[in-house]
>>> print(open('query_37.tsv').read())   # TSV, C-alpha atoms
chain	number	residue	atom	x	y	z
A	249	MET	CA	97.71	-7.83	-0.49
A	250	SER	CA	100.73	-8.69	-2.71
A	251	VAL	CA	101.57	-6.90	-5.93
A	252	TRP	CA	100.44	-9.92	-7.94
A	253	SER	CA	97.14	-10.11	-6.02
A	254	PHE	CA	96.50	-6.43	-6.64
A	255	THR	CA	97.31	-6.81	-10.34
A	256	VAL	CA	95.20	-9.93	-10.78
A	257	PHE	CA	92.26	-8.26	-9.05
A	258	TRP	CA	92.22	-5.34	-11.46
A	259	VAL	CA	92.86	-7.55	-14.49
A	260	LEU	CA	89.91	-9.76	-13.52
A	261	ALA	CA	87.76	-6.68	-12.93
A	262	ALA	CA	88.70	-5.33	-16.37
A	263	LEU	CA	87.87	-8.71	-17.90
A	264	GLY	CA	84.47	-8.60	-16.24
A	265	VAL	CA	83.74	-5.18	-17.74
A	266	PHE	CA	85.07	-6.31	-21.13
A	267	GLY	CA	82.95	-9.45	-21.00
A	268	LEU	CA	79.83	-7.44	-20.14
A	269	TRP	CA	80.54	-5.09	-23.06
A	270	VAL	CA	81.02	-7.98	-25.50
A	271	THR	CA	77.87	-9.70	-24.20
A	272	LEU	CA	75.81	-6.54	-24.71
A	273	LEU	CA	77.16	-6.06	-28.25
A	274	ILE	CA	76.36	-9.67	-29.12
A	275	LEU	CA	72.97	-10.08	-27.46
A	276	GLY	CA	71.56	-6.54	-27.29
A	277	PRO	CA	70.24	-6.19	-30.86
A	278	ASN	CA	68.55	-9.61	-30.89
A	279	ARG	CA	64.78	-9.93	-30.93
A	280	MET	CA	64.73	-12.37	-28.01
A	281	PHE	CA	65.83	-9.52	-25.72
A	282	ARG	CA	63.46	-6.89	-27.07
A	283	GLY	CA	61.96	-4.81	-24.27
A	284	THR	CA	64.30	-6.28	-21.65
A	285	ALA	CA	67.08	-4.83	-19.51
A	286	VAL	CA	69.59	-6.29	-21.98
A	287	GLU	CA	68.19	-4.19	-24.84
A	288	ARG	CA	68.03	-1.07	-22.66
A	289	ALA	CA	71.64	-1.57	-21.56
A	290	TYR	CA	72.67	-2.09	-25.20
A	291	PHE	CA	71.12	1.20	-26.28
A	292	ALA	CA	72.63	2.93	-23.25
A	293	VAL	CA	76.11	1.73	-24.21
A	294	THR	CA	75.81	2.23	-27.98
A	295	GLU	CA	73.64	5.36	-28.20
A	296	THR	CA	72.97	7.20	-24.93
A	297	LEU	CA	76.54	7.12	-23.62
A	298	PRO	CA	78.20	8.14	-26.94
A	299	GLU	CA	75.69	10.98	-27.40
A	300	ALA	CA	76.34	12.22	-23.85
A	301	LEU	CA	80.09	11.99	-24.44
A	302	GLU	CA	79.73	13.96	-27.68
A	303	ARG	CA	77.74	16.71	-25.92
A	304	TRP	CA	80.36	16.86	-23.18
A	305	MET	CA	83.18	17.12	-25.71
A	306	ARG	CA	81.43	19.85	-27.67
A	307	SER	CA	80.81	21.88	-24.52
A	308	GLY	CA	84.29	21.25	-23.13
A	309	VAL	CA	86.67	21.34	-26.11
A	310	GLY	CA	84.58	23.04	-28.78
A	311	ASP	CA	82.74	21.94	-31.90
A	312	ALA	CA	85.79	21.89	-34.16
A	313	LEU	CA	87.83	19.46	-32.05
A	314	ALA	CA	84.77	17.33	-31.30
A	315	ALA	CA	83.97	17.10	-35.03
A	316	ARG	CA	87.55	16.07	-35.72
A	317	ALA	CA	87.36	13.37	-33.05
A	318	GLU	CA	84.08	12.17	-34.58
A	319	ARG	CA	85.74	11.90	-38.01
A	320	VAL	CA	88.59	9.87	-36.54
A	321	TRP	CA	86.10	7.59	-34.76
A	322	ASN	CA	84.11	7.05	-37.97
A	323	ALA	CA	87.31	6.35	-39.90
A	324	LEU	CA	88.33	3.73	-37.35
A	325	PHE	CA	84.99	2.08	-36.60
A	326	GLY	CA	82.49	3.33	-39.19
A	327	ARG	CA	84.39	1.88	-42.13
A	328	ARG	CA	85.92	-1.50	-42.82
A	329	ASN	CA	88.97	-1.48	-40.59
A	330	PRO	CA	91.13	-4.30	-39.16
A	331	ILE	CA	91.68	-2.77	-35.70
A	332	ILE	CA	89.03	-4.84	-33.86
A	333	GLN	CA	89.95	-7.89	-35.92
A	334	ILE	CA	93.61	-7.54	-34.95
A	335	PHE	CA	92.62	-7.07	-31.30
A	336	GLY	CA	90.51	-10.24	-31.41
A	337	VAL	CA	93.25	-12.28	-33.11
A	338	VAL	CA	95.88	-11.08	-30.61
A	339	LEU	CA	93.56	-11.90	-27.70
A	340	TYR	CA	92.87	-15.37	-29.14
A	341	TRP	CA	96.52	-16.25	-29.69
A	342	THR	CA	97.52	-14.80	-26.33
A	343	GLY	CA	94.97	-17.09	-24.73
A	344	LEU	CA	96.40	-20.05	-26.67
A	345	ALA	CA	99.93	-19.11	-25.57
A	346	VAL	CA	98.83	-19.06	-21.91
A	347	PHE	CA	97.05	-22.39	-22.44
A	348	PHE	CA	100.14	-24.12	-23.83
A	349	ALA	CA	102.42	-22.50	-21.26
A	350	GLN	CA	100.42	-23.09	-18.07
A	351	VAL	CA	97.71	-25.65	-18.85
A	352	ALA	CA	99.24	-28.06	-21.37
A	353	PRO	CA	102.12	-29.17	-19.09
A	354	TYR	CA	99.52	-30.62	-16.67
A	355	ILE	CA	97.62	-32.62	-19.31
A	356	PRO	CA	97.18	-35.53	-18.79
A	357	ASN	CA	96.29	-35.32	-15.12
A	358	ARG	CA	94.11	-37.23	-12.67
A	359	TYR	CA	91.01	-35.79	-14.36
A	360	VAL	CA	91.97	-35.72	-18.07
A	361	ALA	CA	93.49	-38.56	-20.13
A	362	SER	CA	96.23	-38.08	-22.73
A	363	TRP	CA	93.93	-39.09	-25.61
A	364	GLN	CA	92.06	-35.81	-25.19
A	365	TRP	CA	94.87	-34.08	-27.07
A	366	VAL	CA	93.21	-35.47	-30.23
A	367	PRO	CA	89.91	-33.57	-29.85
A	368	ILE	CA	91.82	-30.54	-28.52
A	369	GLY	CA	93.91	-30.34	-31.70
A	370	ALA	CA	90.96	-31.09	-34.00
A	371	THR	CA	88.76	-28.44	-32.39
A	372	LEU	CA	91.45	-25.77	-32.54
A	373	ALA	CA	92.25	-26.60	-36.17
A	374	ALA	CA	88.58	-26.44	-37.17
A	375	ASN	CA	88.07	-23.18	-35.28
A	376	ILE	CA	91.12	-21.42	-36.73
A	377	GLY	CA	90.47	-22.77	-40.23
A	378	SER	CA	86.82	-21.69	-40.28
A	379	TYR	CA	87.77	-18.24	-38.96
A	380	ILE	CA	90.32	-17.74	-41.76
A	381	ALA	CA	87.77	-18.95	-44.31
A	382	ALA	CA	85.05	-16.59	-42.98
A	383	CYS	CA	87.47	-13.65	-43.13
A	384	ALA	CA	88.87	-14.42	-46.57
A	385	ALA	CA	85.78	-15.68	-48.42
A	386	ASP	CA	83.72	-13.44	-50.65
A	387	PRO	CA	80.50	-12.88	-48.63
A	388	GLY	CA	78.52	-12.48	-51.85
A	389	VAL	CA	79.40	-9.02	-53.09
A	390	VAL	CA	77.05	-7.76	-55.80
A	391	THR	CA	78.93	-6.27	-58.73
A	392	ALA	CA	78.02	-4.99	-62.17
A	393	GLU	CA	79.26	-8.30	-63.57
A	394	ASN	CA	77.15	-10.61	-61.39
A	395	VAL	CA	74.10	-8.49	-60.53
A	396	ASP	CA	71.89	-10.21	-63.15
A	397	THR	CA	72.76	-13.64	-61.77
A	398	ALA	CA	72.40	-12.45	-58.17
A	399	CYS	CA	68.88	-11.22	-58.87
A	400	GLN	CA	67.89	-14.73	-59.93
A	401	VAL	CA	68.77	-16.35	-56.59
A	402	PHE	CA	65.78	-15.12	-54.58
A	403	GLY	CA	62.43	-13.75	-55.65
A	404	TYR	CA	60.96	-10.50	-54.30
A	405	ASP	CA	58.24	-11.00	-51.70
A	406	HIS	CA	56.95	-7.39	-52.03
A	407	LEU	CA	56.83	-7.19	-48.26
A	408	LEU	CA	60.44	-7.12	-47.12
A	409	TYR	CA	61.98	-6.66	-50.56
A	410	PHE	CA	60.91	-4.81	-53.68
A	411	GLU	CA	62.43	-4.42	-57.12
A	412	ARG	CA	64.56	-1.30	-56.88
A	413	ASP	CA	68.07	0.03	-57.34
A	414	CYS	CA	70.61	0.57	-54.61
A	415	ARG	CA	70.91	4.32	-54.13
A	416	THR	CA	74.63	4.00	-53.36
A	417	CYS	CA	75.80	1.34	-55.80
A	418	LEU	CA	73.43	2.62	-58.53
A	419	GLN	CA	72.57	-0.87	-59.68
A	420	ARG	CA	69.75	-3.34	-59.17
A	421	LYS	CA	69.40	-4.62	-55.64
A	422	PRO	CA	68.83	-8.40	-55.38
A	423	ALA	CA	66.22	-9.65	-52.92
A	424	ARG	CA	67.66	-10.37	-49.47
A	425	SER	CA	70.71	-8.19	-50.16
A	426	LYS	CA	71.75	-5.17	-48.16
A	427	HIS	CA	74.17	-2.33	-48.73
A	428	CYS	CA	76.91	-2.39	-46.09
A	429	SER	CA	77.94	1.13	-45.11
A	430	ALA	CA	81.22	-0.15	-43.65
A	431	CYS	CA	82.28	-2.08	-46.76
A	432	ARG	CA	80.46	0.27	-49.16
A	433	ARG	CA	79.00	-2.56	-51.22
A	434	CYS	CA	75.85	-4.65	-51.51
A	435	VAL	CA	76.04	-8.22	-50.21
A	436	GLN	CA	73.74	-11.12	-51.13
A	437	MET	CA	71.66	-12.52	-48.25
A	438	MET	CA	73.38	-10.05	-45.94
A	439	ASP	CA	73.29	-11.02	-42.27
A	440	HIS	CA	75.50	-8.36	-40.67
A	441	HIS	CA	78.90	-6.75	-40.84
A	442	CYS	CA	81.17	-8.50	-38.33
A	443	ILE	CA	83.91	-6.30	-36.87
A	444	TRP	CA	85.70	-9.42	-35.57
A	445	LEU	CA	86.01	-10.75	-39.14
A	446	ASN	CA	86.48	-7.34	-40.75
A	447	ASN	CA	84.06	-8.70	-43.33
A	448	CYS	CA	80.37	-9.01	-43.98
A	449	VAL	CA	78.52	-12.25	-43.31
A	450	GLY	CA	76.46	-13.14	-46.34
A	451	LEU	CA	75.52	-15.89	-48.76
A	452	GLY	CA	79.14	-16.65	-49.67
A	453	ASN	CA	80.61	-17.12	-46.19
A	454	ALA	CA	77.70	-17.72	-43.81
A	455	ARG	CA	78.59	-21.42	-43.55
A	456	TRP	CA	82.13	-20.60	-42.45
A	457	PHE	CA	80.79	-18.08	-39.93
A	458	LEU	CA	78.41	-20.66	-38.44
A	459	CYS	CA	81.22	-23.21	-38.34
A	460	PHE	CA	83.47	-20.70	-36.60
A	461	LEU	CA	80.80	-19.89	-34.01
A	462	ALA	CA	80.04	-23.56	-33.34
A	463	THR	CA	83.71	-24.54	-32.96
A	464	PHE	CA	84.46	-21.42	-30.91
A	465	SER	CA	81.65	-22.36	-28.53
A	466	ILE	CA	83.25	-25.80	-28.18
A	467	VAL	CA	86.68	-24.19	-27.63
A	468	CYS	CA	85.25	-22.03	-24.83
A	469	VAL	CA	83.36	-24.85	-23.10
A	470	TYR	CA	86.16	-27.39	-23.55
A	471	GLY	CA	88.80	-24.84	-22.56
A	472	THR	CA	86.91	-23.96	-19.38
A	473	TYR	CA	86.72	-27.64	-18.49
A	474	LEU	CA	90.43	-28.27	-19.16
A	475	VAL	CA	91.59	-25.21	-17.24
A	476	GLY	CA	89.29	-26.22	-14.39
A	477	THR	CA	90.86	-29.70	-14.21
A	478	VAL	CA	94.34	-28.17	-14.16
A	479	ILE	CA	93.34	-25.86	-11.29
A	480	LEU	CA	92.12	-28.92	-9.37
A	481	GLU	CA	95.34	-30.74	-10.23
A	482	LEU	CA	97.45	-27.83	-9.04
A	483	ARG	CA	95.69	-27.93	-5.67
A	484	HIS	CA	97.10	-31.44	-5.23
A	485	VAL	CA	100.51	-30.55	-6.67
A	486	HIS	CA	100.92	-27.70	-4.17
A	487	GLY	CA	99.39	-29.58	-1.26
A	488	LEU	CA	96.33	-27.34	-1.05
A	489	ALA	CA	93.76	-30.12	-1.14
A	490	ASP	CA	92.18	-31.76	1.89
A	491	GLY	CA	92.05	-28.70	4.13
A	492	ALA	CA	95.58	-27.39	3.76
A	493	VAL	CA	96.89	-24.89	6.30
A	494	ILE	CA	98.92	-21.77	5.51
A	495	TRP	CA	100.23	-19.00	7.72
A	496	ASP	CA	99.11	-15.42	7.31
A	497	GLU	CA	101.29	-12.30	7.68
A	498	TYR	CA	100.90	-12.45	11.47
A	499	GLY	CA	102.15	-16.03	11.67
A	500	GLU	CA	98.72	-17.43	12.47
A	501	PRO	CA	97.62	-20.73	10.85
A	502	VAL	CA	94.72	-20.45	8.40
A	503	GLN	CA	92.88	-23.50	7.10
A	504	LEU	CA	92.06	-23.07	3.43
A	505	SER	CA	88.60	-23.73	2.09
A	506	PHE	CA	88.19	-24.84	-1.52
A	507	LYS	CA	87.50	-21.24	-2.61
A	508	SER	CA	90.46	-19.89	-0.64
A	509	SER	CA	92.79	-22.53	-2.08
A	510	VAL	CA	91.79	-21.61	-5.63
A	511	LEU	CA	92.32	-17.90	-4.94
A	512	TYR	CA	95.66	-18.75	-3.35
A	513	LEU	CA	96.64	-20.59	-6.55
A	514	PHE	CA	95.52	-17.64	-8.68
A	515	ASP	CA	97.95	-15.48	-6.73
A	516	GLY	CA	100.78	-17.71	-7.97
A	517	TYR	CA	99.35	-18.31	-11.47
A	518	PRO	CA	97.89	-14.93	-12.49
A	519	LEU	CA	97.83	-15.67	-16.23
A	520	LEU	CA	95.99	-18.93	-15.58
A	521	ALA	CA	93.46	-16.96	-13.52
A	522	VAL	CA	92.98	-14.43	-16.31
A	523	LEU	CA	92.48	-17.19	-18.89
A	524	PHE	CA	89.96	-18.99	-16.68
A	525	VAL	CA	87.90	-15.87	-16.01
A	526	LEU	CA	88.01	-14.85	-19.68
A	527	LEU	CA	86.67	-18.27	-20.67
A	528	LEU	CA	83.95	-18.07	-18.02
A	529	VAL	CA	82.89	-14.68	-19.41
A	530	LEU	CA	83.00	-15.63	-23.09
A	531	THR	CA	81.42	-19.08	-22.88
A	532	PRO	CA	77.79	-18.04	-22.17
A	533	ALA	CA	77.94	-15.04	-24.52
A	534	ILE	CA	79.34	-17.04	-27.45
A	535	GLY	CA	77.05	-19.98	-26.70
A	536	ILE	CA	73.90	-17.84	-26.69
A	537	PHE	CA	74.95	-16.01	-29.87
A	538	THR	CA	75.73	-19.31	-31.62
A	539	ALA	CA	72.33	-20.70	-30.64
A	540	TYR	CA	70.68	-17.50	-31.89
A	541	GLN	CA	72.45	-17.65	-35.27
A	542	LEU	CA	71.59	-21.32	-35.73
A	543	ARG	CA	67.98	-20.61	-34.77
A	544	ILE	CA	67.41	-17.79	-37.25
A	545	THR	CA	69.18	-19.78	-39.97
A	546	ALA	CA	66.87	-22.74	-39.34
A	547	LEU	CA	63.84	-20.41	-39.39
A	548	GLY	CA	64.85	-18.98	-42.77
A	549	TYR	CA	65.84	-15.41	-42.04
A	550	THR	CA	68.93	-13.35	-41.28
A	551	SER	CA	69.67	-10.90	-38.48
A	552	ASN	CA	69.18	-8.10	-41.02
A	553	GLU	CA	65.75	-9.50	-41.87
A	554	GLU	CA	64.93	-9.87	-38.19
A	555	THR	CA	64.83	-6.08	-37.97
A	556	LYS	CA	62.50	-6.02	-40.95
A	557	TRP	CA	60.23	-8.60	-39.33
A	558	LEU	CA	60.16	-6.51	-36.17
A	559	ASN	CA	58.90	-3.61	-38.28
A	560	ILE	CA	56.26	-5.89	-39.82
A	561	SER	CA	55.23	-7.01	-36.33
A	562	ASP	CA	54.77	-3.37	-35.32
A	563	ALA	CA	52.77	-2.77	-38.48
A	564	VAL	CA	50.52	-5.75	-37.66
A	565	ASN	CA	49.90	-4.31	-34.20
A	566	ASP	CA	49.07	-0.96	-35.82
A	567	GLY	CA	46.47	-2.62	-38.04
A	568	VAL	CA	48.06	-1.75	-41.40
A	569	VAL	CA	48.99	-5.25	-42.68
A	570	PHE	CA	46.51	-6.99	-44.99
A	571	ALA	CA	46.17	-10.04	-47.20
A	572	VAL	CA	45.27	-8.38	-50.51
A	573	ARG	CA	43.84	-9.65	-53.82
A	574	ASP	CA	44.30	-7.54	-56.91
A	575	HIS	CA	40.66	-8.26	-57.84
A	576	GLU	CA	37.78	-10.44	-56.69
A	577	ASP	CA	38.72	-13.37	-58.93
A	578	ALA	CA	42.47	-13.25	-58.21
A	579	PRO	CA	43.66	-16.75	-57.20
A	580	HIS	CA	46.31	-15.63	-54.72
A	581	GLU	CA	46.63	-13.17	-51.88
A	582	THR	CA	49.71	-11.08	-51.20
A	583	ILE	CA	50.66	-9.63	-47.84
A	584	GLN	CA	51.01	-5.86	-48.04
A	585	VAL	CA	51.31	-2.88	-45.75
A	586	ILE	CA	48.61	-0.28	-46.43
A	587	GLU	CA	48.96	2.84	-44.34
A	588	LYS	CA	45.81	4.10	-42.65
A	589	GLU	CA	45.62	7.25	-44.76
A	590	ASP	CA	45.63	5.07	-47.93
A	591	GLN	CA	43.11	2.45	-46.81
A	592	THR	CA	40.03	4.45	-47.78
A	593	ASP	CA	41.19	4.94	-51.37
A	594	ASP	CA	42.36	1.35	-51.81
A	595	ALA	CA	39.33	-0.59	-53.09
A	596	ARG	CA	41.04	-3.95	-53.55
A	597	PRO	CA	39.58	-6.94	-51.64
A	598	ARG	CA	41.54	-7.46	-48.45
A	599	ARG	CA	41.41	-8.97	-45.00
A	600	PRO	CA	43.37	-7.74	-41.98
A	601	ILE	CA	46.27	-9.72	-40.54
A	602	SER	CA	45.88	-10.01	-36.77
A	603	HIS	CA	49.14	-11.76	-35.85
A	604	LEU	CA	52.64	-12.03	-37.24
A	605	ARG	CA	52.36	-15.84	-37.43
A	606	HIS	CA	49.78	-15.35	-40.19
A	607	VAL	CA	52.37	-13.63	-42.37
A	608	PRO	CA	54.23	-16.25	-44.42
A	609	ASN	CA	57.95	-16.01	-44.98
A	610	MET	CA	58.53	-17.02	-48.59
A	611	TYR	CA	62.21	-17.66	-47.88
A	612	ASP	CA	61.48	-20.26	-45.18
A	613	ARG	CA	61.54	-23.76	-46.65
A	614	GLY	CA	61.74	-25.67	-43.38
A	615	PRO	CA	64.59	-25.97	-40.86
A	616	TRP	CA	66.58	-28.68	-42.63
A	617	LEU	CA	66.40	-27.11	-46.10
A	618	ASN	CA	67.21	-23.68	-44.66
A	619	LEU	CA	70.32	-25.04	-42.93
A	620	LYS	CA	71.27	-27.08	-45.97
A	621	PHE	CA	71.04	-24.05	-48.23
A	622	VAL	CA	73.34	-21.98	-45.99
A	623	LEU	CA	75.82	-24.77	-45.30
A	624	PHE	CA	75.93	-26.00	-48.89
A	625	PRO	CA	74.92	-23.00	-51.02
A	626	PRO	CA	74.48	-23.82	-54.71
A	627	ARG	CA	76.03	-21.62	-57.32
A	628	PRO	CA	73.43	-18.99	-58.30
A	629	GLU	CA	73.48	-19.86	-61.98
A	630	SER	CA	72.65	-23.49	-61.18
A	631	VAL	CA	69.49	-22.77	-59.18
A	632	PRO	CA	66.26	-21.79	-60.96
A	633	LYS	CA	64.57	-18.73	-59.52
A	634	ALA	CA	61.28	-20.59	-59.17
A	635	HIS	CA	62.96	-23.11	-56.86
A	636	LEU	CA	64.26	-20.49	-54.45
A	637	SER	CA	61.27	-18.21	-54.43
>>> encode(input="query_37.tsv", output="structure tokens")
Amino acid sequence: MSVWSFTVFWVLAALGVFGLWVTLLILGPNRMFRGTAVERAYFAVTETLPEALERWMRSGVGDALAARAERVWNALFGRRNPIIQIFGVVLYWTGLAVFFAQVAPYIPNRYVASWQWVPIGATLAANIGSYIAACAADPGVVTAENVDTACQVFGYDHLLYFERDCRTCLQRKPARSKHCSACRRCVQMMDHHCIWLNNCVGLGNARWFLCFLATFSIVCVYGTYLVGTVILELRHVHGLADGAVIWDEYGEPVQLSFKSSVLYLFDGYPLLAVLFVLLLVLTPAIGIFTAYQLRITALGYTSNEETKWLNISDAVNDGVVFAVRDHEDAPHETIQVIEKEDQTDDARPRRPISHLRHVPNMYDRGPWLNLKFVLFPPRPESVPKAHLS
């Protein structure tokens, strides 16, 4: 095996491990994988393995050094920090550099026409522009100056959200907001803190985040297709198509299969091989995550609220969720959680909820209106509270 072959092998192996790690981080917390091997692997990577490593460090190097290492880790990854963002940007632009150096010279080819440079440029421009916008835009930070207005955007459903103050910010907490421990601030309609953006995803920048995900999915799929056509073109350029024959180290003729010809090309174009494998790894992970984000947006909840709904689902299974009337003549029911130890003393009229589908989501106004609200969010002061609640 040549030096390049050995290097490419280990680079591709590292990319496989990296892709698996990224896939677990993206898909592991999602409800669609609850109770599956994906969720178990996610918890193993994010909880079991770090805890085992911490125990090993404490037993091997002592509590003081382990505590110091933990503080450094929290400073780097437990707070808003651009390290992962810089890594992602460098990886992205390195991939683009390889594309323009080793793929672009062979476009057009017998599989791709020259006009495809138009959608290539448009897709890259939209992807880079939406990423910059998602990073730079205010996600909807709640401040002392705008907290009154922020509290008018969504009503409290008294199931997921209640009128209360944020214990960290020491100010009123708007419905659908969440305090981000990394950014140390409350964010309106908080979805999650994205380490790749070094920013939260919330009411103010969710549209740019969705646009980035959608265009990045297109970049990955389209890029995989273009690199694949160039690999096929290179087989013809180097005479490896149609059952080419090469000679091994013993001087014996070897007829190349399609797979062998591609691997033979990768030996001469290692960066092209790395780019192709990276795209193959990222494409399904980004595609699934994009579909997941679009789905929960259309259904009227965020990934933060998904966790809350999982808790409500567990409460329904435990028999502690009820449709409650304040009195016999009350015109409306409200969905409330009443713990078993409190049910005897609670004399209000109620009926048990047997399934999560019987629990209405007051923030769900239908798929189109949900998407429209996120993609074209109105200014809070222009939207009456009654309309949004």
>>> atom_distance(input="query_37.tsv", atom1="CA of Asp574 (chain A)", atom2="CA of Pro597 (chain A)")
7.1 Å
>>> atom_distance(input="query_37.tsv", atom1="CA of Leu474 (chain A)", atom2="CA of Cys383 (chain A)")
28.2 Å
>>> closest_residue(input="query_37.tsv", among="A:Gln436, A:Leu558, A:Asn565, A:Tyr473", to="Gln364 (chain A)", atoms="all atoms listed in the file")
A:Tyr473
>>> atom_distance(input="query_37.tsv", atom1="CA of Ala261 (chain A)", atom2="CA of Leu526 (chain A)")
10.6 Å
>>> closest_atom_pairs(input="query_37.tsv", of="region 547-615 of chain A", to="region 397-406 of chain A", cutoff="10 Å", atoms="all atoms listed in the file", output="tab-separated table")
residue	atom	partner	partner_atom	distance
A:Thr582	CA	A:His406	CA	8.2
A:Ile583	CA	A:His406	CA	7.9
A:Gln584	CA	A:His406	CA	7.3
A:Val585	CA	A:His406	CA	9.6
A:Pro608	CA	A:Asp405	CA	9.8
A:Asn609	CA	A:Asp405	CA	8.4
A:Met610	CA	A:Asp405	CA	6.8
A:Tyr611	CA	A:Phe402	CA	8.0
>>> write_last_selection(input="query_37.tsv", atoms="C-alpha atoms", output="PDB file, in the coordinates of the input")
ATOM      1  CA  THR A 582      49.710 -11.080 -51.200  1.00  0.00           C
ATOM      2  CA  ILE A 583      50.660  -9.630 -47.840  1.00  0.00           C
ATOM      3  CA  GLN A 584      51.010  -5.860 -48.040  1.00  0.00           C
ATOM      4  CA  VAL A 585      51.310  -2.880 -45.750  1.00  0.00           C
ATOM      5  CA  PRO A 608      54.230 -16.250 -44.420  1.00  0.00           C
ATOM      6  CA  ASN A 609      57.950 -16.010 -44.980  1.00  0.00           C
ATOM      7  CA  MET A 610      58.530 -17.020 -48.590  1.00  0.00           C
ATOM      8  CA  TYR A 611      62.210 -17.660 -47.880  1.00  0.00           C
TER       9      TYR A 611
END
>>> residues_around(input="query_37.tsv", residues="Asn447 (chain A)", least_positions_apart="2", cutoff="12 Å", atoms="all atoms listed in the file", output="PyMOL selection string")
chain A and resi 327-330+332-333+379-389+428-433+435+438-445+449-450+452-454+457
>>> residues_near_point(input="query_37.tsv", point="(67.6, -23.6, -39.0)", cutoff="10 Å", atoms="only C-alpha atoms", output="tab-separated table (two decimals) with C-alpha atoms, keeping the file's coordinate frame")
chain	number	residue	atom	x	y	z
A	540	TYR	CA	70.68	-17.50	-31.89
A	541	GLN	CA	72.45	-17.65	-35.27
A	542	LEU	CA	71.59	-21.32	-35.73
A	543	ARG	CA	67.98	-20.61	-34.77
A	544	ILE	CA	67.41	-17.79	-37.25
A	545	THR	CA	69.18	-19.78	-39.97
A	546	ALA	CA	66.87	-22.74	-39.34
A	547	LEU	CA	63.84	-20.41	-39.39
A	548	GLY	CA	64.85	-18.98	-42.77
A	549	TYR	CA	65.84	-15.41	-42.04
A	612	ASP	CA	61.48	-20.26	-45.18
A	613	ARG	CA	61.54	-23.76	-46.65
A	614	GLY	CA	61.74	-25.67	-43.38
A	615	PRO	CA	64.59	-25.97	-40.86
A	616	TRP	CA	66.58	-28.68	-42.63
A	617	LEU	CA	66.40	-27.11	-46.10
A	618	ASN	CA	67.21	-23.68	-44.66
A	619	LEU	CA	70.32	-25.04	-42.93
A	620	LYS	CA	71.27	-27.08	-45.97
A	621	PHE	CA	71.04	-24.05	-48.23
A	622	VAL	CA	73.34	-21.98	-45.99
>>> residues_around(input="query_37.tsv", residues="Lys556 (chain A)", least_positions_apart="2", cutoff="12 Å", atoms="only C-alpha atoms", output="PyMOL selection string")
chain A and resi 279+407-409+424+426+439+549-554+558-563+609
>>> closest_residue(input="query_37.tsv", among="A:Ala462, A:Val395, A:Leu301, A:Val351", to="Gly476 (chain A)", atoms="only C-alpha atoms")
A:Val351
>>> closest_residue(input="query_37.tsv", among="A:Cys417, A:Cys459, A:Leu519, A:Ile479", to="Tyr354 (chain A)", atoms="all atoms listed in the file")
A:Ile479
>>> residues_around(input="query_37.tsv", residues="region 285-291 of chain A", least_positions_apart="5", cutoff="8 Å", atoms="only C-alpha atoms", output="number ranges by chain")
A: 272-273, 275-277, 296
>>> residues_around(input="query_37.tsv", residues="Leu530 (chain A)", least_positions_apart="6", cutoff="8 Å", atoms="all atoms listed in the file", output="number ranges by chain")
A: 267, 271, 468
